[in-house]
Structures are given as structure tokens and as C-alpha cells.
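**Q** The structure's right below; bear with me while I get my questions together.
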Amino acid sequence: MKKLFSTIALCVFSLAGTADEFKAASDIWSPFFMVSSNGYSGIGVEVLNEVVRRSGDKVSFHSMPTKRAHVMFDNNDVDIMVLDSAFWNSDYQMKTIIFTDDIMSVQEYIYLLQENDITITTPSDLKGKTVNILRGYSYPLVNHEFKEGLFHYQELDNETSLIKTLLLNRADAIFMDSVAFQYSISIMGHDNALFSRGMQLSNATLGIKIRKEKNHILPRFNKAIADMKKDGTIDNIISKYTKGFSVQ
């Protein structure tokens with residue numbers, strides 16, 4: 001009995017020894033990462049909380065602008081970006097990071113006002129237009145147009161601000177992913193009929209972005225994600241924030 005107790009204690013100690021504590025960062029990105037007086041919420045927050053619960057790890061969340069989050073991540077002051085995509089990172093950045101298995105995907109589009117009757121089907125259709133985007137975000141499909149200054153653009157801090165500038169005709173178009181767009185117009189009380197959708201900018205798979213030296217956590221994170229897909233946890237979390245509208 002003493003030998004059995006010692007073996008169990010050793011196993012418990014070994015399991016406890018594998019746990020890590022991580023700092024996870026993100027900018028406000030509704031409905032993926034949101035902050036209120038009640039704390040942090042959103043698809044990414046709930047998914048990551050459940051991943052570390054299953055993996056036996058701990059995580060603390062930190063809200064900060066995208067550019068600052070990237071700098072802190074690069075400087076090893078942050079371990080994890082709550083949700084990110086390899087598509088949004090350069091080849092140089094990919095040398096120092098790893099991603100978990102895919103959690104979900106998002107499609108980014110150009111959104112316009114229906115009443116303005118503007119059609120955007122190619123990047124060249126943006127020429128001379130005023131386009132508002134989220135601060136710190138990149139859109140590889142139109143990098144050339146950005147660099148050449150073929151359209152005017154302004155970076156704003158959140159999704160509702162983007163939509164307001166469109167409604168006030170302070171922008172001809174805005175760039176947003178379909179989940180964030182539909183969630184935002186829903187909470188703002190606007191109807192889909194007010195808007196039209198132009199060309200697709202990306203189809204990005206999202207995972208948890210981790211510093212490369214933390215690669216030892218990848219197997220247990222990926223196992224948790226696989227189990228969450230299998231038992232429907234991830235679908236249930238996504239549905240909680242997208243219930244009542246289509247994101248296609």
C-alpha cells in the first residue's frame with residue numbers, strides 16, 4: 001500500500017510539473033476578444049480558457065493594441081496571441097512562431113453601403129476610394145495598392161467605428177471579417193439590407209499563436225483542441241456569439 005501511494009504521488013507530481021503559466025494578448029476584436037467590467041469574453045477567450053483547463057495549464061489575458069501586442073510577443077513579454085492566422089504573418093515572422101491546429105476560419109471582405117451602388121470586384125476598383133481599416137491589421141491581397149497609394153485609407157480602433165464611418169459616408173468602403181461585421185451590425189441594431197459586400201480579401205484559418213520556444217506545449221494544446229472539436233465544444237462557443245445571423 002505504501003508503494004502504491006508513493007507511485008500515485010509521483011504521478012501527480014509529474015503531471016503537476018508539466019503545467020505552464022502563459023501571458024496571452026490581443027487587441028479588442030469583437031466577438032473574438034472583448035473586455036468589459038465583467039472581465040474578458042469572446043470566442044478566443046472561451047476557447048483558450050477551455051484549452052488550458054484541459055491541458056492543465058494557466059493563462060492570463062492582456063488587452064492591448066495590435067502593434068504593441070506584436071512587439072511584446074517579439075520581445076518575449078507575451079507568450080500567446082489569443083487567435084491569429086499564418087496568413088496574416090510574414091515569412092520572416094513565421095520563423096519564430098508556431099500555431100496550434102486550426103480552430104476555425106474567417107473570411108475578410110470589403111463592405112460598402114448598398115445605396116452608394118459601388119462595386120468592388122478587383123483591387124483596382126479601389127482606386128481613388130476612401131477605405132477605412134482596423135489599426136495594425138494587414139491585408140496581403142491588396143499590399144500593392146497600399147504601397148502605391150492607389151486609395152486613401154485611415155486606421156481606426158474598433159469595428160463599430162468602421163461601420164459608423166461607412167454609414168456617415170466618411171468612407172467608401174471598410175475591410176472586415178464576416179463574423180466581426182455581422183456581430184457588430186447586430187449589436188448596433190442595423191439591418192443587412194443597408195450594406196453590400198465586395199471582393200473577398202482572405203480566407204484565414206485561425207489558431208493559437210505561440211512563441212517557438214514554447215513548442216513543448218503544442219501536443220497537449222492540440223489534443224485539447226481535437227477533443228473540443230470532437231465533443232462539439234468549439235462549435236458551441238462559436239454559436240454562442242454568432243446565434244441569430246449568418247456569417248457566410
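Residues are referred to by chain and number: the chain letter is A, B, ... according to the order shown in the C-alpha cells, the number counts from 1 in that chain, and ligands are numbered separately from 1 in the order shown.
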Can I get the residues of range 101-137 of chain A within 10 Å of range 216-231 of chain A, each with the closest pair of atoms and their distance in Å to one decimal, using only C-alpha atoms, sorted chain first then ascending number, as a Markdown table?
**A**
| residue | atom | partner | partner_atom | distance |
| --- | --- | --- | --- | --- |
| A:Asp101 | CA | A:Asn222 | CA | 5.9 |
| A:Asp102 | CA | A:Ile225 | CA | 8.4 |
| A:Ile103 | CA | A:Ile225 | CA | 7.2 |
**Q** Write out, as a PDB file, in the first residue's frame, the residues just selected, with C-alpha atoms.
**A**
ATOM      1  CA  ASP A 101      -4.165  23.147 -35.115  1.00  0.00           C
ATOM      2  CA  ASP A 102      -6.930  25.181 -36.740  1.00  0.00           C
ATOM      3  CA  ILE A 103      -9.788  26.269 -34.503  1.00  0.00           C
TER       4      ILE A 103
END
**Q** Could you give me, as a short mmCIF file (atom, residue, chain, number, x, y, z; two decimals) with C-alpha atoms, in the first residue's frame, the residues within 10 Å of range 40-46 of chain A, counting only C-alpha atoms and dropping anything in the same chain fewer than 6 positions from it?
**A**
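See part07.cif below for the written result:
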data_model
loop_
_atom_site.label_atom_id
_atom_site.label_comp_id
_atom_site.auth_asym_id
_atom_site.auth_seq_id
_atom_site.Cartn_x
_atom_site.Cartn_y
_atom_site.Cartn_z
CA ALA A 24 -1.93 35.85 -23.78
CA SER A 26 -4.99 40.50 -28.12
CA ILE A 28 -10.24 44.17 -28.97
CA TRP A 29 -11.75 42.11 -31.78
CA SER A 30 -15.48 41.54 -31.45
CA PRO A 31 -16.68 38.86 -30.94
CA PHE A 32 -13.33 37.08 -30.59
CA PHE A 33 -11.77 39.14 -27.79
CA MET A 34 -13.77 41.65 -25.77
CA PHE A 61 -5.25 37.71 -20.65
CA HIS A 62 -3.97 41.15 -21.58
CA SER A 63 -5.72 43.66 -23.82
CA MET A 81 -1.65 35.64 -29.27
CA VAL A 82 -5.19 34.55 -28.48
CA LEU A 83 -6.23 33.96 -32.10
CA ASP A 84 -4.18 34.64 -35.22
CA ILE A 103 -9.79 26.27 -34.50
CA LEU A 206 -7.34 30.76 -37.02
CA GLY A 207 -5.27 29.07 -34.38
CA ILE A 208 -3.49 29.97 -31.15
CA THR A 233 -17.29 22.45 -27.52
CA ILE A 234 -15.74 24.71 -30.17
CA ASN A 236 -20.95 25.60 -29.18
CA ILE A 237 -18.65 28.50 -28.26
CA ILE A 238 -18.79 29.92 -31.80
CA SER A 239 -22.58 29.53 -31.93
CA LYS A 240 -22.93 31.42 -28.65
CA TYR A 241 -21.54 34.55 -30.33
CA THR A 242 -22.99 34.09 -33.81
#
**Q** Do a neighbour search on range 133-140 of chain A at 6 Å with only C-alpha atoms, toss out local chain neighbours closer than 5 positions, and write the hits as an NGL selection string.
**A** :A and (66-67 or 155-157 or 174-175)
**Q** Rank nothing, just name the residue among A:Ser90, A:Arg53, A:Val35, A:Met72 nearest to Lys23 in chain A, using only C-alpha atoms.
**A**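 Smallest distance to Lys23 in chain A is found for A:Met72.
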**Q** Could you name the residues that touch Asp74 in chain A at 12 Å or less, counting only C-alpha atoms, but leaving out those on the same chain fewer than 2 positions away, as number ranges by chain?
**A** A: 67-72, 76-81, 92-97, 209-213
**Q** Just asking: which residues within range 65-207 of chain A are strand (DSSP E) according to DSSP, as a tab-separated table (two decimals) with all heavy atoms, in the first residue's frame?
**A**
chain	number	residue	atom	x	y	z
A	80	ILE	N	1.56	34.17	-25.97
A	80	ILE	CA	0.50	33.69	-26.84
A	80	ILE	C	-0.29	34.86	-27.40
A	80	ILE	O	-0.58	35.82	-26.69
A	80	ILE	CB	-0.46	32.76	-26.05
A	80	ILE	CG1	0.22	31.42	-25.73
A	80	ILE	CG2	-1.77	32.52	-26.80
A	80	ILE	CD1	-0.61	30.53	-24.81
A	81	MET	N	-0.64	34.77	-28.69
A	81	MET	CA	-1.65	35.64	-29.27
A	81	MET	C	-2.94	34.82	-29.32
A	81	MET	O	-2.95	33.72	-29.88
A	81	MET	CB	-1.24	36.11	-30.66
A	81	MET	CG	0.07	36.88	-30.68
A	81	MET	SD	-0.02	38.49	-29.87
A	81	MET	CE	-0.68	39.47	-31.20
A	82	VAL	N	-3.98	35.35	-28.74
A	82	VAL	CA	-5.19	34.55	-28.48
A	82	VAL	C	-5.70	33.84	-29.73
A	82	VAL	O	-5.95	32.64	-29.72
A	82	VAL	CB	-6.29	35.44	-27.86
A	82	VAL	CG1	-7.57	34.64	-27.65
A	82	VAL	CG2	-5.80	36.01	-26.53
A	83	LEU	N	-5.89	34.56	-30.81
A	83	LEU	CA	-6.23	33.96	-32.10
A	83	LEU	C	-5.49	34.73	-33.19
A	83	LEU	O	-5.46	35.96	-33.17
A	83	LEU	CB	-7.74	34.01	-32.38
A	83	LEU	CG	-8.63	33.00	-31.67
A	83	LEU	CD1	-10.09	33.24	-32.05
A	83	LEU	CD2	-8.24	31.56	-32.01
A	84	ASP	N	-4.92	34.01	-34.13
A	84	ASP	CA	-4.18	34.64	-35.22
A	84	ASP	C	-4.19	33.67	-36.39
A	84	ASP	O	-4.67	32.54	-36.28
A	84	ASP	CB	-2.75	34.96	-34.77
A	84	ASP	CG	-2.11	36.09	-35.56
A	84	ASP	OD1	-2.47	36.27	-36.74
A	84	ASP	OD2	-1.24	36.79	-35.01
A	97	ILE	N	7.57	31.61	-34.78
A	97	ILE	CA	6.29	31.29	-34.16
A	97	ILE	C	5.79	29.93	-34.60
A	97	ILE	O	6.24	29.38	-35.61
A	97	ILE	CB	5.21	32.36	-34.50
A	97	ILE	CG1	5.02	32.46	-36.02
A	97	ILE	CG2	5.58	33.69	-33.91
A	97	ILE	CD1	3.98	33.49	-36.43
A	98	ILE	N	4.87	29.40	-33.83
A	98	ILE	CA	4.16	28.18	-34.21
A	98	ILE	C	2.67	28.40	-33.97
A	98	ILE	O	2.27	29.27	-33.19
A	98	ILE	CB	4.65	26.95	-33.40
A	98	ILE	CG1	4.57	27.22	-31.89
A	98	ILE	CG2	6.04	26.54	-33.81
A	98	ILE	CD1	4.90	26.02	-31.04
A	99	PHE	N	1.87	27.62	-34.65
A	99	PHE	CA	0.42	27.69	-34.48
A	99	PHE	C	-0.11	26.34	-34.04
A	99	PHE	O	0.40	25.29	-34.44
A	99	PHE	CB	-0.26	28.09	-35.80
A	99	PHE	CG	-0.24	29.55	-36.09
A	99	PHE	CD1	0.81	30.12	-36.79
A	99	PHE	CD2	-1.28	30.38	-35.65
A	99	PHE	CE1	0.83	31.48	-37.06
A	99	PHE	CE2	-1.27	31.73	-35.93
A	99	PHE	CZ	-0.21	32.29	-36.63
A	104	MET	N	-10.89	27.56	-36.23
A	104	MET	CA	-11.99	27.97	-37.10
A	104	MET	C	-11.39	28.77	-38.25
A	104	MET	O	-10.17	28.96	-38.30
A	104	MET	CB	-13.02	28.81	-36.33
A	104	MET	CG	-12.46	30.13	-35.82
A	104	MET	SD	-13.65	31.12	-34.86
A	104	MET	CE	-14.86	31.55	-36.11
A	105	SER	N	-12.22	29.24	-39.14
A	105	SER	CA	-11.73	30.10	-40.21
A	105	SER	C	-12.62	31.33	-40.30
A	105	SER	O	-13.78	31.32	-39.89
A	105	SER	CB	-11.72	29.36	-41.55
A	105	SER	OG	-13.02	29.01	-41.95
A	106	VAL	N	-12.04	32.42	-40.81
A	106	VAL	CA	-12.80	33.64	-41.05
A	106	VAL	C	-12.50	34.14	-42.46
A	106	VAL	O	-11.40	33.94	-42.97
A	106	VAL	CB	-12.49	34.75	-40.02
A	106	VAL	CG1	-12.95	34.37	-38.64
A	106	VAL	CG2	-11.00	35.10	-40.02
A	107	GLN	N	-13.49	34.78	-43.04
A	107	GLN	CA	-13.34	35.34	-44.38
A	107	GLN	C	-13.43	36.87	-44.27
A	107	GLN	O	-14.40	37.38	-43.71
A	107	GLN	CB	-14.42	34.82	-45.32
A	107	GLN	CG	-14.33	33.32	-45.62
A	107	GLN	CD	-14.77	32.44	-44.46
A	107	GLN	OE1	-15.79	32.74	-43.82
A	107	GLN	NE2	-14.02	31.40	-44.17
A	108	GLU	N	-12.44	37.55	-44.79
A	108	GLU	CA	-12.45	39.01	-44.80
A	108	GLU	C	-12.98	39.52	-46.13
A	108	GLU	O	-12.66	38.98	-47.19
A	108	GLU	CB	-11.04	39.56	-44.56
A	108	GLU	CG	-10.50	39.25	-43.17
A	108	GLU	CD	-9.05	39.69	-43.03
A	108	GLU	OE1	-8.21	39.23	-43.82
A	108	GLU	OE2	-8.77	40.47	-42.10
A	109	TYR	N	-13.79	40.57	-46.05
A	109	TYR	CA	-14.41	41.14	-47.25
A	109	TYR	C	-14.31	42.65	-47.21
A	109	TYR	O	-14.02	43.26	-46.17
A	109	TYR	CB	-15.90	40.77	-47.32
A	109	TYR	CG	-16.19	39.32	-47.57
A	109	TYR	CD1	-16.38	38.43	-46.52
A	109	TYR	CD2	-16.30	38.82	-48.87
A	109	TYR	CE1	-16.66	37.09	-46.74
A	109	TYR	CE2	-16.58	37.49	-49.11
A	109	TYR	CZ	-16.76	36.63	-48.05
A	109	TYR	OH	-17.04	35.30	-48.27
A	110	ILE	N	-14.60	43.25	-48.37
A	110	ILE	CA	-14.81	44.68	-48.45
A	110	ILE	C	-16.31	44.93	-48.31
A	110	ILE	O	-17.10	44.32	-49.03
A	110	ILE	CB	-14.30	45.24	-49.79
A	110	ILE	CG1	-12.79	45.01	-49.92
A	110	ILE	CG2	-14.63	46.73	-49.92
A	110	ILE	CD1	-12.22	45.39	-51.28
A	111	TYR	N	-16.68	45.79	-47.37
A	111	TYR	CA	-18.10	46.12	-47.16
A	111	TYR	C	-18.36	47.56	-47.59
A	111	TYR	O	-17.54	48.46	-47.39
A	111	TYR	CB	-18.48	45.91	-45.69
A	111	TYR	CG	-18.54	44.46	-45.31
A	111	TYR	CD1	-17.45	43.82	-44.74
A	111	TYR	CD2	-19.70	43.71	-45.53
A	111	TYR	CE1	-17.50	42.48	-44.40
A	111	TYR	CE2	-19.76	42.37	-45.20
A	111	TYR	CZ	-18.66	41.76	-44.63
A	111	TYR	OH	-18.70	40.42	-44.31
A	112	LEU	N	-19.55	47.76	-48.19
A	112	LEU	CA	-19.94	49.05	-48.72
A	112	LEU	C	-21.38	49.34	-48.36
A	112	LEU	O	-22.11	48.45	-47.91
A	112	LEU	CB	-19.79	49.06	-50.26
A	112	LEU	CG	-18.48	48.50	-50.81
A	112	LEU	CD1	-18.70	47.13	-51.42
A	112	LEU	CD2	-17.88	49.44	-51.84
A	113	LEU	N	-21.82	50.58	-48.57
A	113	LEU	CA	-23.24	50.91	-48.40
A	113	LEU	C	-24.00	50.56	-49.66
A	113	LEU	O	-23.59	50.90	-50.77
A	113	LEU	CB	-23.41	52.40	-48.10
A	113	LEU	CG	-23.21	52.89	-46.68
A	113	LEU	CD1	-23.56	54.36	-46.59
A	113	LEU	CD2	-24.02	52.08	-45.68
A	130	THR	N	-11.92	56.02	-50.64
A	130	THR	CA	-11.52	56.16	-49.24
A	130	THR	C	-11.91	54.88	-48.51
A	130	THR	O	-13.09	54.50	-48.50
A	130	THR	CB	-12.21	57.37	-48.57
A	130	THR	OG1	-11.81	58.56	-49.27
A	130	THR	CG2	-11.82	57.48	-47.11
A	131	VAL	N	-10.92	54.24	-47.92
A	131	VAL	CA	-11.13	52.94	-47.28
A	131	VAL	C	-10.67	53.02	-45.83
A	131	VAL	O	-9.56	53.50	-45.56
A	131	VAL	CB	-10.33	51.84	-48.01
A	131	VAL	CG1	-10.51	50.50	-47.31
A	131	VAL	CG2	-10.75	51.74	-49.47
A	132	ASN	N	-11.49	52.55	-44.91
A	132	ASN	CA	-11.10	52.51	-43.51
A	132	ASN	C	-10.85	51.06	-43.08
A	132	ASN	O	-11.59	50.15	-43.47
A	132	ASN	CB	-12.17	53.15	-42.62
A	132	ASN	CG	-12.15	54.67	-42.72
A	132	ASN	OD1	-11.20	55.25	-43.26
A	132	ASN	ND2	-13.18	55.32	-42.22
A	133	ILE	N	-9.80	50.88	-42.28
A	133	ILE	CA	-9.41	49.55	-41.84
A	133	ILE	C	-9.11	49.59	-40.34
A	133	ILE	O	-9.01	50.66	-39.73
A	133	ILE	CB	-8.16	49.04	-42.59
A	133	ILE	CG1	-6.94	49.93	-42.27
A	133	ILE	CG2	-8.42	49.03	-44.10
A	133	ILE	CD1	-5.64	49.43	-42.87
A	134	LEU	N	-8.97	48.41	-39.75
A	134	LEU	CA	-8.61	48.33	-38.34
A	134	LEU	C	-7.12	48.57	-38.14
A	134	LEU	O	-6.29	48.08	-38.91
A	134	LEU	CB	-8.99	46.97	-37.77
A	134	LEU	CG	-10.49	46.75	-37.54
A	134	LEU	CD1	-10.77	45.29	-37.24
A	134	LEU	CD2	-11.01	47.63	-36.41
A	152	HIS	N	-7.11	56.05	-50.59
A	152	HIS	CA	-6.90	56.71	-49.30
A	152	HIS	C	-7.39	55.77	-48.20
A	152	HIS	O	-8.43	55.11	-48.37
A	152	HIS	CB	-7.68	58.03	-49.24
A	152	HIS	CG	-7.51	58.88	-50.46
A	152	HIS	ND1	-6.34	59.56	-50.74
A	152	HIS	CD2	-8.36	59.16	-51.47
A	152	HIS	CE1	-6.49	60.22	-51.86
A	152	HIS	NE2	-7.69	59.99	-52.35
A	153	TYR	N	-6.67	55.72	-47.10
A	153	TYR	CA	-7.15	54.87	-46.01
A	153	TYR	C	-6.82	55.49	-44.66
A	153	TYR	O	-5.91	56.28	-44.51
A	153	TYR	CB	-6.57	53.46	-46.12
A	153	TYR	CG	-5.13	53.31	-45.71
A	153	TYR	CD1	-4.79	52.94	-44.41
A	153	TYR	CD2	-4.10	53.54	-46.63
A	153	TYR	CE1	-3.46	52.79	-44.04
A	153	TYR	CE2	-2.78	53.40	-46.27
A	153	TYR	CZ	-2.46	53.02	-44.97
A	153	TYR	OH	-1.14	52.88	-44.60
A	154	GLN	N	-7.64	55.10	-43.70
A	154	GLN	CA	-7.45	55.53	-42.32
A	154	GLN	C	-7.60	54.32	-41.42
A	154	GLN	O	-8.46	53.48	-41.65
A	154	GLN	CB	-8.48	56.60	-41.94
A	154	GLN	CG	-8.32	57.13	-40.52
A	154	GLN	CD	-9.36	58.19	-40.18
A	154	GLN	OE1	-10.24	58.50	-40.98
A	154	GLN	NE2	-9.29	58.73	-38.97
A	155	GLU	N	-6.75	54.22	-40.40
A	155	GLU	CA	-6.82	53.12	-39.45
A	155	GLU	C	-7.64	53.55	-38.23
A	155	GLU	O	-7.36	54.58	-37.62
A	155	GLU	CB	-5.42	52.70	-39.01
A	155	GLU	CG	-4.58	52.09	-40.12
A	155	GLU	CD	-3.22	51.64	-39.63
A	155	GLU	OE1	-2.41	52.52	-39.25
A	155	GLU	OE2	-2.98	50.42	-39.58
A	156	LEU	N	-8.63	52.75	-37.89
A	156	LEU	CA	-9.48	53.03	-36.73
A	156	LEU	C	-9.30	51.92	-35.70
A	156	LEU	O	-8.77	50.85	-35.98
A	156	LEU	CB	-10.94	53.14	-37.17
A	156	LEU	CG	-11.24	54.23	-38.22
A	156	LEU	CD1	-12.72	54.23	-38.57
A	156	LEU	CD2	-10.81	55.60	-37.72
A	173	ALA	N	-15.62	52.45	-48.35
A	173	ALA	CA	-15.58	51.02	-48.07
A	173	ALA	C	-14.82	50.77	-46.77
A	173	ALA	O	-14.03	51.62	-46.32
A	173	ALA	CB	-14.90	50.27	-49.22
A	174	ILE	N	-15.07	49.63	-46.17
A	174	ILE	CA	-14.32	49.19	-44.99
A	174	ILE	C	-13.92	47.73	-45.18
A	174	ILE	O	-14.57	46.99	-45.92
A	174	ILE	CB	-15.14	49.34	-43.68
A	174	ILE	CG1	-16.44	48.54	-43.75
A	174	ILE	CG2	-15.41	50.81	-43.39
A	174	ILE	CD1	-17.24	48.53	-42.44
A	175	PHE	N	-12.83	47.35	-44.54
A	175	PHE	CA	-12.36	45.96	-44.56
A	175	PHE	C	-12.70	45.31	-43.22
A	175	PHE	O	-12.30	45.81	-42.17
A	175	PHE	CB	-10.85	45.89	-44.76
A	175	PHE	CG	-10.34	46.37	-46.09
A	175	PHE	CD1	-8.97	46.36	-46.34
A	175	PHE	CD2	-11.19	46.81	-47.09
A	175	PHE	CE1	-8.46	46.79	-47.56
A	175	PHE	CE2	-10.71	47.26	-48.31
A	175	PHE	CZ	-9.33	47.25	-48.55
A	176	MET	N	-13.40	44.18	-43.25
A	176	MET	CA	-13.71	43.46	-42.01
A	176	MET	C	-13.93	41.99	-42.31
A	176	MET	O	-14.28	41.62	-43.43
A	176	MET	CB	-14.99	44.02	-41.36
A	176	MET	CG	-14.84	45.35	-40.66
A	176	MET	SD	-16.37	45.89	-39.84
A	176	MET	CE	-16.51	44.66	-38.53
A	177	ASP	N	-13.72	41.16	-41.28
A	177	ASP	CA	-14.10	39.76	-41.45
A	177	ASP	C	-15.60	39.62	-41.21
A	177	ASP	O	-16.22	40.43	-40.53
A	177	ASP	CB	-13.30	38.84	-40.51
A	177	ASP	CG	-13.73	38.95	-39.06
A	177	ASP	OD1	-14.75	38.33	-38.70
A	177	ASP	OD2	-13.04	39.65	-38.29
A	195	PHE	N	-26.25	47.24	-46.40
A	195	PHE	CA	-24.87	47.04	-46.83
A	195	PHE	C	-24.78	46.10	-48.03
A	195	PHE	O	-25.66	45.27	-48.27
A	195	PHE	CB	-24.03	46.47	-45.68
A	195	PHE	CG	-24.13	47.26	-44.42
A	195	PHE	CD1	-25.05	46.91	-43.44
A	195	PHE	CD2	-23.31	48.36	-44.19
A	195	PHE	CE1	-25.16	47.64	-42.25
A	195	PHE	CE2	-23.41	49.10	-43.02
A	195	PHE	CZ	-24.33	48.73	-42.05
A	196	SER	N	-23.70	46.23	-48.76
A	196	SER	CA	-23.36	45.25	-49.79
A	196	SER	C	-21.93	44.78	-49.54
A	196	SER	O	-21.17	45.42	-48.81
A	196	SER	CB	-23.48	45.86	-51.19
A	196	SER	OG	-22.57	46.93	-51.36
A	197	ARG	N	-21.59	43.67	-50.13
A	197	ARG	CA	-20.28	43.08	-49.90
A	197	ARG	C	-19.51	43.00	-51.20
A	197	ARG	O	-20.02	42.50	-52.21
A	197	ARG	CB	-20.44	41.70	-49.27
A	197	ARG	CG	-19.18	41.14	-48.67
A	197	ARG	CD	-19.48	39.95	-47.79
A	197	ARG	NE	-19.88	38.76	-48.54
A	197	ARG	CZ	-20.21	37.60	-48.00
A	197	ARG	NH1	-20.23	37.49	-46.68
A	197	ARG	NH2	-20.55	36.58	-48.74
A	198	GLY	N	-18.28	43.50	-51.17
A	198	GLY	CA	-17.43	43.45	-52.35
A	198	GLY	C	-16.54	42.22	-52.34
A	198	GLY	O	-16.88	41.19	-51.78
A	199	MET	N	-15.38	42.35	-52.93
A	199	MET	CA	-14.49	41.21	-53.11
A	199	MET	C	-14.02	40.62	-51.77
A	199	MET	O	-13.95	41.31	-50.76
A	199	MET	CB	-13.27	41.61	-53.94
A	199	MET	CG	-12.37	42.64	-53.28
A	199	MET	SD	-10.87	43.00	-54.22
A	199	MET	CE	-9.93	41.50	-53.94
A	200	GLN	N	-13.72	39.33	-51.80
A	200	GLN	CA	-13.17	38.66	-50.63
A	200	GLN	C	-11.68	38.95	-50.55
A	200	GLN	O	-10.96	38.82	-51.54
A	200	GLN	CB	-13.43	37.15	-50.71
A	200	GLN	CG	-12.96	36.39	-49.49
A	200	GLN	CD	-13.38	34.93	-49.52
A	200	GLN	OE1	-14.42	34.59	-50.08
A	200	GLN	NE2	-12.58	34.07	-48.92
A	201	LEU	N	-11.22	39.32	-49.38
A	201	LEU	CA	-9.82	39.65	-49.16
A	201	LEU	C	-9.00	38.47	-48.67
A	201	LEU	O	-7.79	38.40	-48.89
A	201	LEU	CB	-9.70	40.80	-48.15
A	201	LEU	CG	-10.28	42.15	-48.60
A	201	LEU	CD1	-10.42	43.08	-47.41
A	201	LEU	CD2	-9.42	42.77	-49.68
A	202	SER	N	-9.64	37.55	-47.97
A	202	SER	CA	-8.90	36.41	-47.44
A	202	SER	C	-9.85	35.32	-46.97
A	202	SER	O	-11.04	35.56	-46.74
A	202	SER	CB	-8.01	36.82	-46.26
A	202	SER	OG	-8.80	37.09	-45.11
A	203	ASN	N	-9.29	34.14	-46.84
A	203	ASN	CA	-9.95	33.03	-46.14
A	203	ASN	C	-8.91	32.50	-45.18
A	203	ASN	O	-8.03	31.74	-45.56
A	203	ASN	CB	-10.41	31.95	-47.11
A	203	ASN	CG	-11.11	30.81	-46.41
A	203	ASN	OD1	-11.56	30.96	-45.28
A	203	ASN	ND2	-11.20	29.67	-47.06
A	204	ALA	N	-8.95	32.98	-43.95
A	204	ALA	CA	-7.87	32.74	-43.00
A	204	ALA	C	-8.28	31.73	-41.93
A	204	ALA	O	-9.32	31.89	-41.29
A	204	ALA	CB	-7.46	34.05	-42.33
A	205	THR	N	-7.48	30.70	-41.76
A	205	THR	CA	-7.70	29.76	-40.67
A	205	THR	C	-7.07	30.32	-39.40
A	205	THR	O	-5.97	30.88	-39.43
A	205	THR	CB	-7.09	28.38	-40.98
A	205	THR	OG1	-5.70	28.54	-41.31
A	205	THR	CG2	-7.81	27.73	-42.15
A	206	LEU	N	-7.78	30.20	-38.29
A	206	LEU	CA	-7.34	30.76	-37.02
A	206	LEU	C	-6.87	29.66	-36.07
A	206	LEU	O	-7.51	28.62	-35.95
A	206	LEU	CB	-8.47	31.54	-36.35
A	206	LEU	CG	-9.10	32.69	-37.13
A	206	LEU	CD1	-10.19	33.35	-36.28
A	206	LEU	CD2	-8.06	33.72	-37.54
A	207	GLY	N	-5.76	29.94	-35.43
A	207	GLY	CA	-5.27	29.07	-34.38
A	207	GLY	C	-4.69	29.91	-33.27
A	207	GLY	O	-4.71	31.15	-33.32
**Q** Here is a test: counting only C-alpha atoms, which residue of A:Val59, A:Leu194, A:Ala86, A:Ala19 is nearest to Leu166 in chain A?
**A**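 When distances to Leu166 in chain A are compared using only C-alpha atoms, the smallest one comes from A:Leu194.
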**Q** List the spatial neighbours of Ser124 in chain A as a PyMOL selection string - criterion: any atom at most 12 Å away, only C-alpha atoms, same-chain residues fewer than 2 positions off excluded.
**A** chain A and resi 119-122+126-129+141-146+148-151+199
**Q** For the residues in that selection, give me C-alpha atoms as a JSON list (two decimals), in the first residue's frame.
**A**
[["chain", "number", "residue", "atom", "x", "y", "z"],
["A", 119, "THR", "CA", -18.94, 47.60, -56.98],
["A", 120, "ILE", "CA", -15.56, 46.30, -55.84],
["A", 121, "THR", "CA", -14.57, 43.04, -57.55],
["A", 122, "THR", "CA", -10.81, 43.63, -58.03],
["A", 126, "LEU", "CA", -10.48, 50.74, -55.04],
["A", 127, "LYS", "CA", -8.54, 53.38, -56.98],
["A", 128, "GLY", "CA", -9.33, 56.83, -55.66],
["A", 129, "LYS", "CA", -11.66, 55.47, -52.97],
["A", 141, "LEU", "CA", -4.12, 40.69, -51.21],
["A", 142, "VAL", "CA", -4.04, 44.49, -51.55],
["A", 143, "ASN", "CA", -0.48, 45.17, -50.30],
["A", 144, "HIS", "CA", 0.49, 46.58, -53.71],
["A", 145, "GLU", "CA", -2.42, 49.03, -53.66],
["A", 146, "PHE", "CA", -1.47, 50.15, -50.13],
["A", 148, "GLU", "CA", 1.34, 52.55, -54.27],
["A", 149, "GLY", "CA", -1.21, 54.78, -52.53],
["A", 150, "LEU", "CA", -3.93, 53.91, -55.03],
["A", 151, "PHE", "CA", -6.61, 54.59, -52.43],
["A", 199, "MET", "CA", -14.49, 41.21, -53.11]]
**Q** Of the residues A:Asp172, A:Glu50, A:Gly232, A:Asn192, which is the one nearest to Asp125 in chain A, using only C-alpha atoms?
**A** A:Asp172
